[in-house]
Amino acid sequence: MQAIVISEHGGREGIGLQEVEMPTAPVTDQVRVRVHAAGVNRADILQREGKYPAPPGYPENIPGLEFAGEIELLGEGAARSWKKGERVFGITAGGAQAEFVVVPESNLARIPEKLSYAEAAAMPEVFITAHDALFTRARLQMGERVLVHAAASGVGTAAVQLAHAAGALVYGTSRTAEKLERMRELGLDEAIMVPESPDDIVEAVASLTNKGGVDVILDLVGGAYFSANLRALASRGRIICVGTTAGTKTDVDLHLILRKRATIIGTVLRARSIAEKAEATRLFARHVLPLVERGKVHPVIERVYPAAEVRAAQEHLESNRTLGKIVLDFST
């Protein structure tokens with residue numbers, strides 16, 4: 001089969017489309033999926049650079065955390081729930097950027113009829129991450145104020161839509177005014193430009209909330225943003241840390257955490273057990289997919305690349321010009 005292979009760690013010259021062995025036949029509760037499209041995530045770039053290896057049991061040299069395709073082969077236990085040829089999408093800890101992938105049947109969901117394979121491939125990683133972070137971990141409620149950093153990213157576009165659909169007041173940050181303006185179509189209520197320092201966030205939130213602060217902050221950036229988060233947070237607010245694109249180190253004012261009775265939550269999807277991913281997938285299918293079917297939320301795609309153009313796809317993502325997702329097409 002054809003797969004995206006990391007031949008050496010470092011720059012984009014070390015990755016490309018190659019012929020590799022097919023994954024083994026599925027056993028017990030596994031299925032083998034013929035992949036038609038796969039999402040591209042920053043984790044793929046970090047893996048290419050040698051900074052984010054796949055967990056044990058997953059391909060070390062084939063990236064990819066999400067996919068969409070059709071069931072090609074069923075393990076004996078999976079045959080009770082699925083049928084050959086069904087359109088499915090889901091998450092995995094690696095190996096999704098290939099023509100075939102073997103995954104536990106519990107980590108799959110059925111693709112809504114209205115979605116193409118490319119649209120479906122743009123959803124699992126970001127929508128499951130956003131839904132799990134906002135509602136399972138941070139317990140966002142109707143009427144609360146939520147601040148989404150990097151609102152135009154893949155997880156950001158999903159989080160803005162889900163929070164809006166749940167009746168929250170949604171604030172979002174970006175370094176690009178044009179992106180923020182486009183985000184209003186997805187349910188962004190208030191846009192916050194961050195042209196220089198994250199400290200600007202604190203002043204903007206104070207002005208927008210009459211100094212009340214925000215109840216939940218979805219932080220996809222980390223670094224210096226964390227200090228600003230604490231100051232922008234409402235009393236008994238929750239900060240959910242999902243990404244660290246601005247760095248993993250920050251100054252923490254413990255007194256501020258105590259005084260605000262703040263809750264700090266860290267989360268990562270890739271390293272979770274199969275059972276934990278199954279629960280997150282189940283909640284995604286139950287809560288998010290009905291919204292997709294009714295047109296309340298939808299995947300946001302910046303561009304679809306043929307799988308052979310993976311270097312261009314990763315370059316596009318690394319440029320930070322994107323609004324939404326980059327997807328690789330394996331159908332041709």
# chains A, B, ... in the order shown; residues from 1 in each chain; ligands from 1
>>> select_by_dssp(residues="segment 146-285 of chain A", states="strand (DSSP E)", output="MDAnalysis selection string")
chainID A and resid 146:148 169:174 190:193 214:219 233:241 263:266
>>> residues_around(residues="Val101 of chain A", least_positions_apart="5", cutoff="8 Å", atoms="only C-alpha atoms", output="tab-separated table (two decimals) with all heavy atoms, in the first residue's frame")
chain	number	residue	atom	x	y	z
A	23	PRO	N	-0.99	-3.30	6.61
A	23	PRO	CA	-1.13	-3.69	8.01
A	23	PRO	C	-1.76	-5.08	8.12
A	23	PRO	O	-2.48	-5.51	7.22
A	23	PRO	CB	-2.06	-2.62	8.59
A	23	PRO	CG	-2.78	-2.05	7.43
A	23	PRO	CD	-1.85	-2.16	6.26
A	32	ARG	N	-10.17	-3.17	9.62
A	32	ARG	CA	-9.21	-2.53	8.70
A	32	ARG	C	-10.00	-1.61	7.79
A	32	ARG	O	-10.99	-2.03	7.17
A	32	ARG	CB	-8.44	-3.57	7.89
A	32	ARG	CG	-7.27	-2.95	7.10
A	32	ARG	CD	-6.26	-4.00	6.68
A	32	ARG	NE	-6.78	-4.90	5.65
A	32	ARG	CZ	-6.19	-6.04	5.30
A	32	ARG	NH1	-5.07	-6.42	5.88
A	32	ARG	NH2	-6.73	-6.80	4.35
A	33	VAL	N	-9.57	-0.38	7.72
A	33	VAL	CA	-10.27	0.66	6.96
A	33	VAL	C	-9.46	1.03	5.73
A	33	VAL	O	-8.24	1.24	5.82
A	33	VAL	CB	-10.51	1.92	7.84
A	33	VAL	CG1	-11.16	3.03	7.01
A	33	VAL	CG2	-11.36	1.57	9.05
A	34	ARG	N	-10.13	1.08	4.60
A	34	ARG	CA	-9.53	1.64	3.39
A	34	ARG	C	-9.67	3.15	3.48
A	34	ARG	O	-10.76	3.71	3.43
A	34	ARG	CB	-10.25	1.12	2.15
A	34	ARG	CG	-9.93	1.87	0.84
A	34	ARG	CD	-8.47	1.73	0.44
A	34	ARG	NE	-8.21	2.27	-0.89
A	34	ARG	CZ	-7.74	3.52	-1.12
A	34	ARG	NH1	-7.50	4.35	-0.11
A	34	ARG	NH2	-7.53	3.92	-2.36
A	35	VAL	N	-8.55	3.82	3.68
A	35	VAL	CA	-8.54	5.26	3.94
A	35	VAL	C	-8.68	6.03	2.63
A	35	VAL	O	-7.92	5.81	1.68
A	35	VAL	CB	-7.25	5.67	4.67
A	35	VAL	CG1	-7.17	7.18	4.84
A	35	VAL	CG2	-7.15	4.97	6.03
A	95	GLY	N	-0.30	6.26	12.18
A	95	GLY	CA	-0.49	5.39	11.03
A	95	GLY	C	-1.69	5.69	10.16
A	95	GLY	O	-1.96	4.95	9.22
A	96	ALA	N	-2.40	6.79	10.42
A	96	ALA	CA	-3.62	7.08	9.66
A	96	ALA	C	-3.34	7.59	8.25
A	96	ALA	O	-4.21	7.49	7.38
A	96	ALA	CB	-4.48	8.09	10.41
>>> residues_around(residues="segment 225-241 of chain A", least_positions_apart="2", cutoff="6 Å", atoms="only C-alpha atoms", output="ChimeraX atom specification")
/A:198-199,202,212-219,222-223,260-266
>>> residues_around(residues="Thr129 of chain A", least_positions_apart="3", cutoff="9 Å", atoms="only C-alpha atoms", output="PyMOL selection string")
chain A and resi 124-126+132-134+155+158-159+242+267-269+280
>>> write_last_selection(atoms="C-alpha atoms", output="PDB file, in the first residue's frame")
ATOM      1  CA  PRO A 124     -12.322  13.486  14.353  1.00  0.00           C
ATOM      2  CA  GLU A 125      -9.123  14.768  15.970  1.00  0.00           C
ATOM      3  CA  VAL A 126     -10.208  18.391  16.316  1.00  0.00           C
ATOM      4  CA  ASP A 132     -13.801  16.500  25.298  1.00  0.00           C
ATOM      5  CA  ALA A 133     -11.907  19.576  26.524  1.00  0.00           C
ATOM      6  CA  LEU A 134     -14.863  21.951  26.725  1.00  0.00           C
ATOM      7  CA  VAL A 155      -9.353  22.683  17.207  1.00  0.00           C
ATOM      8  CA  ALA A 158     -14.356  23.212  16.192  1.00  0.00           C
ATOM      9  CA  ALA A 159     -14.425  24.688  19.706  1.00  0.00           C
ATOM     10  CA  VAL A 242      -4.513  21.560  25.104  1.00  0.00           C
ATOM     11  CA  THR A 267      -5.398  17.107  28.459  1.00  0.00           C
ATOM     12  CA  VAL A 268      -3.961  15.137  25.563  1.00  0.00           C
ATOM     13  CA  LEU A 269      -5.837  12.755  23.277  1.00  0.00           C
ATOM     14  CA  ALA A 280     -14.531  10.247  23.781  1.00  0.00           C
TER      15      ALA A 280
END
>>> atom_distance(atom1="atom CA of His149 of chain A", atom2="atom CA of Leu188 of chain A")
11.8 Å
>>> atom_distance(atom1="atom CA of Pro290 of chain A", atom2="atom CA of Gly243 of chain A")
27.2 Å
